[in-house]
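Structure data (mmCIF, N, CA and C atoms) from coords_38.cif:
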data_model
#
loop_
_atom_site.label_atom_id
_atom_site.label_comp_id
_atom_site.auth_asym_id
_atom_site.auth_seq_id
_atom_site.Cartn_x
_atom_site.Cartn_y
_atom_site.Cartn_z
N MET V 1 51.25 24.90 20.88
CA MET V 1 51.57 26.30 20.86
C MET V 1 51.21 26.84 19.48
N SER V 2 50.68 28.04 19.48
CA SER V 2 50.34 28.71 18.24
C SER V 2 51.03 30.07 18.23
N ARG V 3 51.55 30.47 17.08
CA ARG V 3 52.28 31.73 16.97
C ARG V 3 51.79 32.50 15.76
N MET V 4 51.63 33.81 15.94
CA MET V 4 51.24 34.68 14.86
C MET V 4 52.12 35.93 14.93
N THR V 5 52.66 36.37 13.81
CA THR V 5 53.53 37.53 13.79
C THR V 5 53.00 38.55 12.79
N GLY V 6 52.98 39.80 13.22
CA GLY V 6 52.59 40.89 12.33
C GLY V 6 53.73 41.88 12.22
N LYS V 7 53.89 42.47 11.04
CA LYS V 7 54.99 43.42 10.84
C LYS V 7 54.45 44.62 10.07
N GLU V 8 54.61 45.82 10.64
CA GLU V 8 54.14 47.03 9.99
C GLU V 8 55.10 48.16 10.30
N HIS V 9 55.67 48.76 9.29
CA HIS V 9 56.56 49.91 9.45
C HIS V 9 57.67 49.64 10.46
N GLY V 10 58.28 48.45 10.41
CA GLY V 10 59.39 48.12 11.31
C GLY V 10 58.97 47.64 12.68
N ARG V 11 57.70 47.71 12.99
CA ARG V 11 57.23 47.23 14.29
C ARG V 11 56.77 45.79 14.16
N ILE V 12 57.21 44.95 15.07
CA ILE V 12 56.87 43.53 15.05
C ILE V 12 56.03 43.21 16.28
N ILE V 13 54.95 42.49 16.07
CA ILE V 13 54.10 42.03 17.18
C ILE V 13 53.94 40.52 17.04
N ASN V 14 54.28 39.80 18.09
CA ASN V 14 54.10 38.35 18.14
C ASN V 14 52.99 38.02 19.12
N VAL V 15 52.10 37.13 18.72
CA VAL V 15 51.04 36.63 19.60
C VAL V 15 51.25 35.13 19.72
N ILE V 16 51.46 34.66 20.94
CA ILE V 16 51.75 33.26 21.19
C ILE V 16 50.71 32.71 22.18
N SER V 17 50.09 31.60 21.83
CA SER V 17 49.15 30.97 22.77
C SER V 17 49.65 29.57 23.07
N GLU V 18 49.49 29.17 24.34
CA GLU V 18 49.94 27.85 24.77
C GLU V 18 48.88 27.16 25.61
N ASP V 19 48.70 25.90 25.35
CA ASP V 19 47.81 25.06 26.14
C ASP V 19 48.59 24.61 27.37
N CYS V 20 48.07 24.89 28.54
CA CYS V 20 48.75 24.50 29.79
C CYS V 20 48.04 23.31 30.41
N GLY V 21 47.98 22.24 29.68
CA GLY V 21 47.34 21.03 30.19
C GLY V 21 45.83 21.19 30.24
N SER V 22 45.21 20.59 31.22
CA SER V 22 43.75 20.63 31.33
C SER V 22 43.26 21.83 32.12
N HIS V 23 44.17 22.70 32.54
CA HIS V 23 43.78 23.79 33.43
C HIS V 23 43.53 25.13 32.74
N SER V 24 44.43 25.56 31.88
CA SER V 24 44.31 26.91 31.34
C SER V 24 45.04 27.08 30.02
N VAL V 25 44.79 28.21 29.43
CA VAL V 25 45.50 28.63 28.23
C VAL V 25 46.22 29.94 28.58
N VAL V 26 47.43 30.09 28.04
CA VAL V 26 48.24 31.29 28.27
C VAL V 26 48.43 31.98 26.92
N VAL V 27 48.23 33.29 26.89
CA VAL V 27 48.44 34.07 25.68
C VAL V 27 49.47 35.16 26.00
N ARG V 28 50.50 35.26 25.13
CA ARG V 28 51.53 36.30 25.28
C ARG V 28 51.51 37.16 24.04
N VAL V 29 51.61 38.47 24.24
CA VAL V 29 51.73 39.42 23.15
C VAL V 29 53.02 40.18 23.38
N GLU V 30 53.95 40.09 22.42
CA GLU V 30 55.26 40.72 22.55
C GLU V 30 55.47 41.66 21.37
N ASP V 31 56.15 42.79 21.63
CA ASP V 31 56.47 43.71 20.54
C ASP V 31 57.92 44.16 20.64
N ASN V 32 58.36 44.90 19.65
CA ASN V 32 59.72 45.41 19.66
C ASN V 32 59.74 46.92 19.83
N GLY V 33 58.76 47.46 20.54
CA GLY V 33 58.66 48.89 20.79
C GLY V 33 59.68 49.36 21.81
N LYS V 34 59.38 50.46 22.49
CA LYS V 34 60.33 51.06 23.43
C LYS V 34 60.31 50.40 24.81
N GLY V 35 59.37 49.52 25.07
CA GLY V 35 59.30 48.85 26.37
C GLY V 35 58.53 49.67 27.39
N LEU V 36 58.51 49.20 28.61
CA LEU V 36 57.80 49.86 29.71
C LEU V 36 58.80 50.34 30.74
N ASP V 37 58.62 51.56 31.22
CA ASP V 37 59.47 52.00 32.32
C ASP V 37 58.91 51.44 33.62
N THR V 38 59.62 51.61 34.71
CA THR V 38 59.22 51.02 36.00
C THR V 38 57.84 51.47 36.45
N ILE V 39 57.55 52.75 36.35
CA ILE V 39 56.25 53.26 36.77
C ILE V 39 55.15 52.68 35.91
N ALA V 40 55.34 52.66 34.60
CA ALA V 40 54.32 52.13 33.69
C ALA V 40 54.06 50.66 33.96
N SER V 41 55.09 49.87 34.19
CA SER V 41 54.89 48.44 34.39
C SER V 41 54.12 48.15 35.68
N GLU V 42 54.18 49.06 36.66
CA GLU V 42 53.42 48.89 37.90
C GLU V 42 51.97 49.36 37.77
N ARG V 43 51.71 50.32 36.87
CA ARG V 43 50.39 50.95 36.80
C ARG V 43 49.64 50.67 35.50
N ILE V 44 50.23 49.93 34.60
CA ILE V 44 49.70 49.79 33.24
C ILE V 44 48.26 49.28 33.18
N PHE V 45 47.81 48.51 34.16
CA PHE V 45 46.45 47.96 34.15
C PHE V 45 45.45 48.81 34.94
N GLU V 46 45.89 49.97 35.47
CA GLU V 46 44.99 50.86 36.21
C GLU V 46 44.13 51.67 35.25
N ALA V 47 42.89 51.93 35.65
CA ALA V 47 42.01 52.76 34.84
C ALA V 47 42.56 54.18 34.77
N PHE V 48 42.47 54.77 33.61
CA PHE V 48 42.87 56.15 33.31
C PHE V 48 44.38 56.37 33.31
N PHE V 49 45.18 55.31 33.39
CA PHE V 49 46.63 55.45 33.24
C PHE V 49 46.99 55.12 31.80
N SER V 50 47.73 56.00 31.16
CA SER V 50 48.14 55.78 29.78
C SER V 50 49.56 56.26 29.56
N THR V 51 50.28 55.59 28.70
CA THR V 51 51.62 56.03 28.32
C THR V 51 51.56 56.85 27.04
N LYS V 52 50.37 56.99 26.46
CA LYS V 52 50.19 57.73 25.22
C LYS V 52 49.53 59.08 25.52
N PRO V 53 50.01 60.16 24.92
CA PRO V 53 49.41 61.47 25.16
C PRO V 53 47.92 61.52 24.82
N GLU V 54 47.50 60.79 23.79
CA GLU V 54 46.10 60.80 23.39
C GLU V 54 45.32 59.61 23.97
N GLY V 55 45.95 58.82 24.82
CA GLY V 55 45.30 57.63 25.36
C GLY V 55 44.31 57.95 26.47
N ALA V 56 43.23 57.17 26.52
CA ALA V 56 42.21 57.33 27.56
C ALA V 56 42.54 56.51 28.80
N GLY V 57 43.42 55.52 28.66
CA GLY V 57 43.79 54.69 29.80
C GLY V 57 42.74 53.68 30.20
N MET V 58 41.91 53.27 29.27
CA MET V 58 40.86 52.32 29.61
C MET V 58 41.07 50.93 29.01
N GLY V 59 41.82 50.82 27.93
CA GLY V 59 41.96 49.55 27.22
C GLY V 59 42.46 48.41 28.09
N LEU V 60 43.62 48.59 28.73
CA LEU V 60 44.18 47.51 29.55
C LEU V 60 43.42 47.33 30.86
N ALA V 61 42.77 48.40 31.35
CA ALA V 61 41.94 48.26 32.55
C ALA V 61 40.73 47.38 32.25
N ILE V 62 40.16 47.54 31.07
CA ILE V 62 39.04 46.69 30.66
C ILE V 62 39.51 45.25 30.47
N CYS V 63 40.68 45.07 29.86
CA CYS V 63 41.25 43.72 29.71
C CYS V 63 41.43 43.07 31.07
N ARG V 64 41.99 43.82 32.04
CA ARG V 64 42.19 43.29 33.39
C ARG V 64 40.87 42.82 33.98
N SER V 65 39.83 43.64 33.86
CA SER V 65 38.52 43.30 34.41
C SER V 65 37.97 42.02 33.80
N ILE V 66 38.08 41.87 32.49
CA ILE V 66 37.57 40.67 31.81
C ILE V 66 38.36 39.44 32.24
N ILE V 67 39.68 39.54 32.24
CA ILE V 67 40.54 38.41 32.61
C ILE V 67 40.26 37.97 34.05
N GLU V 68 40.22 38.94 34.97
CA GLU V 68 39.99 38.60 36.38
C GLU V 68 38.58 38.04 36.61
N SER V 69 37.59 38.53 35.87
CA SER V 69 36.23 38.02 36.05
C SER V 69 36.11 36.56 35.60
N HIS V 70 37.06 36.10 34.80
CA HIS V 70 37.09 34.70 34.36
C HIS V 70 38.10 33.88 35.16
N GLY V 71 38.58 34.42 36.28
CA GLY V 71 39.50 33.68 37.13
C GLY V 71 40.92 33.64 36.60
N GLY V 72 41.27 34.57 35.73
CA GLY V 72 42.59 34.58 35.12
C GLY V 72 43.58 35.51 35.80
N THR V 73 44.79 35.50 35.27
CA THR V 73 45.85 36.37 35.77
C THR V 73 46.47 37.10 34.59
N ARG V 74 47.15 38.22 34.87
CA ARG V 74 47.78 38.99 33.81
C ARG V 74 49.05 39.64 34.32
N ALA V 75 49.95 39.99 33.40
CA ALA V 75 51.21 40.64 33.76
C ALA V 75 51.74 41.39 32.54
N ALA V 76 52.60 42.37 32.81
CA ALA V 76 53.27 43.11 31.75
C ALA V 76 54.70 43.39 32.21
N ARG V 77 55.63 43.35 31.24
CA ARG V 77 57.03 43.63 31.57
C ARG V 77 57.77 44.07 30.32
N SER V 78 58.90 44.69 30.53
CA SER V 78 59.79 45.02 29.42
C SER V 78 60.63 43.80 29.09
N LEU V 79 61.00 43.68 27.84
CA LEU V 79 61.87 42.60 27.41
C LEU V 79 63.32 43.09 27.42
N ALA V 80 64.23 42.22 27.76
CA ALA V 80 65.66 42.58 27.79
C ALA V 80 66.14 43.04 26.41
N SER V 81 65.56 42.49 25.37
CA SER V 81 65.96 42.83 24.00
C SER V 81 65.29 44.10 23.50
N GLY V 82 64.47 44.75 24.33
CA GLY V 82 63.67 45.90 23.93
C GLY V 82 62.26 45.46 23.63
N GLY V 83 61.31 46.32 23.83
CA GLY V 83 59.92 45.96 23.61
C GLY V 83 59.24 45.56 24.90
N SER V 84 58.02 45.12 24.77
CA SER V 84 57.20 44.76 25.92
C SER V 84 56.58 43.38 25.72
N ALA V 85 56.23 42.77 26.82
CA ALA V 85 55.53 41.49 26.80
C ALA V 85 54.33 41.58 27.73
N PHE V 86 53.17 41.24 27.21
CA PHE V 86 51.95 41.17 27.99
C PHE V 86 51.51 39.72 27.98
N LYS V 87 51.10 39.21 29.12
CA LYS V 87 50.75 37.80 29.25
C LYS V 87 49.49 37.67 30.08
N PHE V 88 48.58 36.81 29.63
CA PHE V 88 47.45 36.49 30.49
C PHE V 88 47.14 35.01 30.39
N ALA V 89 46.59 34.49 31.47
CA ALA V 89 46.20 33.08 31.54
C ALA V 89 44.76 33.02 32.04
N VAL V 90 43.96 32.19 31.41
CA VAL V 90 42.59 31.98 31.84
C VAL V 90 42.31 30.49 31.88
N PRO V 91 41.57 30.05 32.91
CA PRO V 91 41.23 28.63 32.99
C PRO V 91 40.24 28.26 31.90
N TYR V 92 40.31 27.02 31.47
CA TYR V 92 39.35 26.52 30.50
C TYR V 92 37.97 26.49 31.13
N ALA V 93 36.96 26.77 30.33
CA ALA V 93 35.57 26.65 30.80
C ALA V 93 35.25 25.17 30.87
N ARG V 94 34.38 24.81 31.77
CA ARG V 94 33.94 23.42 31.85
C ARG V 94 32.42 23.40 31.88
N GLY V 95 31.87 22.34 31.42
CA GLY V 95 30.41 22.20 31.40
C GLY V 95 29.87 22.02 32.81
N ALA V 96 28.58 22.21 32.96
CA ALA V 96 27.94 22.12 34.27
C ALA V 96 28.12 20.75 34.92
N ASN V 97 28.22 19.69 34.11
CA ASN V 97 28.35 18.33 34.65
C ASN V 97 29.77 17.83 34.71
N GLU V 98 30.74 18.66 34.34
CA GLU V 98 32.15 18.25 34.35
C GLU V 98 32.78 18.61 35.70
N PRO V 99 33.55 17.68 36.26
CA PRO V 99 34.23 18.00 37.53
C PRO V 99 35.36 19.00 37.30
N GLU V 100 35.69 19.74 38.34
CA GLU V 100 36.78 20.69 38.25
C GLU V 100 38.08 19.92 38.07
N ALA V 101 38.96 20.39 37.17
CA ALA V 101 40.24 19.73 36.91
C ALA V 101 41.12 19.82 38.14
N THR V 102 41.94 18.81 38.36
CA THR V 102 42.86 18.82 39.51
C THR V 102 44.28 18.87 39.06
#
Hey, can you dump this file as structure tokens for me?
Amino acid sequence: MSRMTGKEHGRIINVISEDCGSHSVVVRVEDNGKGLDTIASERIFEAFFSTKPEGAGMGLAICRSIIESHGGTRAARSLASGGSAFKFAVPYARGANEPEAT
């Protein structure tokens, strides 16, 4: 597991990556912001949806597209302590001559 923490003007962002055996890597990004409301947590990865007045709503939609094109999964939720957690998992790449992991 690897952890990185950033702190700016009272806002904390943690980035955590974990090796999930021979299959995939999981990355979590957590903050101490205001969290996600129910509607936002359901639509956050849709194109043109933004929780910011000046947002274009493309950033997380592009992330979703990249993650899914690599066979990965993604999720977003509010944390009980306040803030949000975004998580994605992608399978490890394998060489052309390597068998698929079981």
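With distances taken over all atoms listed in the file, V:Asp31 is the one residue among V:Gly72, V:His23, V:Asp31, V:Arg64 lying closest to Arg11 in chain V.
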Run through the PyMOL selection byres ((chain V and resi 32-48) around 5) on the given coordinates and return the selected residues as an mmCIF file with N, CA and C atoms, in the coordinates of the input.
data_model
loop_
_atom_site.group_PDB
_atom_site.id
_atom_site.type_symbol
_atom_site.label_atom_id
_atom_site.label_comp_id
_atom_site.auth_asym_id
_atom_site.auth_seq_id
_atom_site.Cartn_x
_atom_site.Cartn_y
_atom_site.Cartn_z
ATOM 1 N N ILE V 12 57.210 44.950 15.070
ATOM 2 C CA ILE V 12 56.870 43.530 15.050
ATOM 3 C C ILE V 12 56.030 43.210 16.280
ATOM 4 N N GLU V 30 53.950 40.090 22.420
ATOM 5 C CA GLU V 30 55.260 40.720 22.550
ATOM 6 C C GLU V 30 55.470 41.660 21.370
ATOM 7 N N ASP V 31 56.150 42.790 21.630
ATOM 8 C CA ASP V 31 56.470 43.710 20.540
ATOM 9 C C ASP V 31 57.920 44.160 20.640
ATOM 10 N N PHE V 49 45.180 55.310 33.390
ATOM 11 C CA PHE V 49 46.630 55.450 33.240
ATOM 12 C C PHE V 49 46.990 55.120 31.800
ATOM 13 N N SER V 50 47.730 56.000 31.160
ATOM 14 C CA SER V 50 48.140 55.780 29.780
ATOM 15 C C SER V 50 49.560 56.260 29.560
ATOM 16 N N ALA V 56 43.230 57.170 26.520
ATOM 17 C CA ALA V 56 42.210 57.330 27.560
ATOM 18 C C ALA V 56 42.540 56.510 28.800
ATOM 19 N N GLY V 57 43.420 55.520 28.660
ATOM 20 C CA GLY V 57 43.790 54.690 29.800
ATOM 21 C C GLY V 57 42.740 53.680 30.200
ATOM 22 N N MET V 58 41.910 53.270 29.270
ATOM 23 C CA MET V 58 40.860 52.320 29.610
ATOM 24 C C MET V 58 41.070 50.930 29.010
ATOM 25 N N LEU V 60 43.620 48.590 28.730
ATOM 26 C CA LEU V 60 44.180 47.510 29.550
ATOM 27 C C LEU V 60 43.420 47.330 30.860
ATOM 28 N N ALA V 61 42.770 48.400 31.350
ATOM 29 C CA ALA V 61 41.940 48.260 32.550
ATOM 30 C C ALA V 61 40.730 47.380 32.250
ATOM 31 N N SER V 78 58.900 44.690 30.530
ATOM 32 C CA SER V 78 59.790 45.020 29.420
ATOM 33 C C SER V 78 60.630 43.800 29.090
ATOM 34 N N GLY V 82 64.470 44.750 24.330
ATOM 35 C CA GLY V 82 63.670 45.900 23.930
ATOM 36 C C GLY V 82 62.260 45.460 23.630
ATOM 37 N N GLY V 83 61.310 46.320 23.830
ATOM 38 C CA GLY V 83 59.920 45.960 23.610
ATOM 39 C C GLY V 83 59.240 45.560 24.900
ATOM 40 N N SER V 84 58.020 45.120 24.770
ATOM 41 C CA SER V 84 57.200 44.760 25.920
ATOM 42 C C SER V 84 56.580 43.380 25.720
#
As a compact mmCIF listing (two decimals) with N, CA and C atoms, in the coordinates of the input, please: every residue in range 38-80 of chain V that DSSP puts in strand (DSSP E).
# COMPACT_ATOMS: atom_id res chain seq x y z
N THR V 73 44.79 35.50 35.27
CA THR V 73 45.85 36.37 35.77
C THR V 73 46.47 37.10 34.59
N ARG V 74 47.15 38.22 34.87
CA ARG V 74 47.78 38.99 33.81
C ARG V 74 49.05 39.64 34.32
N ALA V 75 49.95 39.99 33.40
CA ALA V 75 51.21 40.64 33.76
C ALA V 75 51.74 41.39 32.54
N ALA V 76 52.60 42.37 32.81
CA ALA V 76 53.27 43.11 31.75
C ALA V 76 54.70 43.39 32.21
N ARG V 77 55.63 43.35 31.24
CA ARG V 77 57.03 43.63 31.57
C ARG V 77 57.77 44.07 30.32
N SER V 78 58.90 44.69 30.53
CA SER V 78 59.79 45.02 29.42
C SER V 78 60.63 43.80 29.09
With a distance cut-off of 10 Å and only C-alpha atoms, select the neighbouring residues of Gly21 in chain V, excluding the residue or stretch itself and same-chain residues fewer than 3 positions from it, and output the selection as a PDB file with N, CA and C atoms, in the coordinates of the input.
ATOM      1  N   GLU V  18      49.490  29.170  24.340  1.00  0.00           N
ATOM      2  CA  GLU V  18      49.940  27.850  24.770  1.00  0.00           C
ATOM      3  C   GLU V  18      48.880  27.160  25.610  1.00  0.00           C
ATOM      4  N   SER V  24      44.430  25.560  31.880  1.00  0.00           N
ATOM      5  CA  SER V  24      44.310  26.910  31.340  1.00  0.00           C
ATOM      6  C   SER V  24      45.040  27.080  30.020  1.00  0.00           C
ATOM      7  N   VAL V  25      44.790  28.210  29.430  1.00  0.00           N
ATOM      8  CA  VAL V  25      45.500  28.630  28.230  1.00  0.00           C
ATOM      9  C   VAL V  25      46.220  29.940  28.580  1.00  0.00           C
ATOM     10  N   TYR V  92      40.310  27.020  31.470  1.00  0.00           N
ATOM     11  CA  TYR V  92      39.350  26.520  30.500  1.00  0.00           C
ATOM     12  C   TYR V  92      37.970  26.490  31.130  1.00  0.00           C
ATOM     13  N   ALA V 101      38.960  20.390  37.170  1.00  0.00           N
ATOM     14  CA  ALA V 101      40.240  19.730  36.910  1.00  0.00           C
ATOM     15  C   ALA V 101      41.120  19.820  38.140  1.00  0.00           C
TER      16      ALA V 101
END
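Nearest residue to Arg28 in chain V among V:Leu79, V:Ala89, V:Ile67, V:Ile62 is V:Ala89, counting all atoms listed in the file.
For the set V:Lys87, V:Gly10, V:Thr51, V:Arg94, the residue with the smallest atom-to-atom gap to Arg74 in chain V is V:Lys87, counting only N, CA and C atoms.
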What gap, in Å, lies between atom N of His9 in chain V and atom C of Val29 in chain V? 16.7 Å
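Each of V:Ala80, V:Cys20, V:Val15, V:Val90 was compared to Glu68 in chain V using all atoms listed in the file, and V:Val90 turns out to be the nearest.
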Please run DSSP on the backbone and report, as a list in words, all residues within chain V that come out as helix (DSSP H, G or I). Thr38, Ile39, Ala40, Ser41, Glu42, Arg43, Gly59, Leu60, Ala61, Ile62, Cys63, Arg64, Ser65, Ile66, Ile67, Glu68 and Ser69 of chain V
For atom C of Ser22 in chain V and atom C of Pro91 in chain V, the interatomic separation in Å (one decimal): 7.1 Å
Tell me, in Å to one decimal, how far CA of Gly71 in chain V is from atom N of Ile16 in chain V. 20.2 Å
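Closest to Thr73 in chain V among V:Ile13, V:Gly59, V:Asp19, V:Phe88 is V:Phe88, based on all atoms listed in the file.
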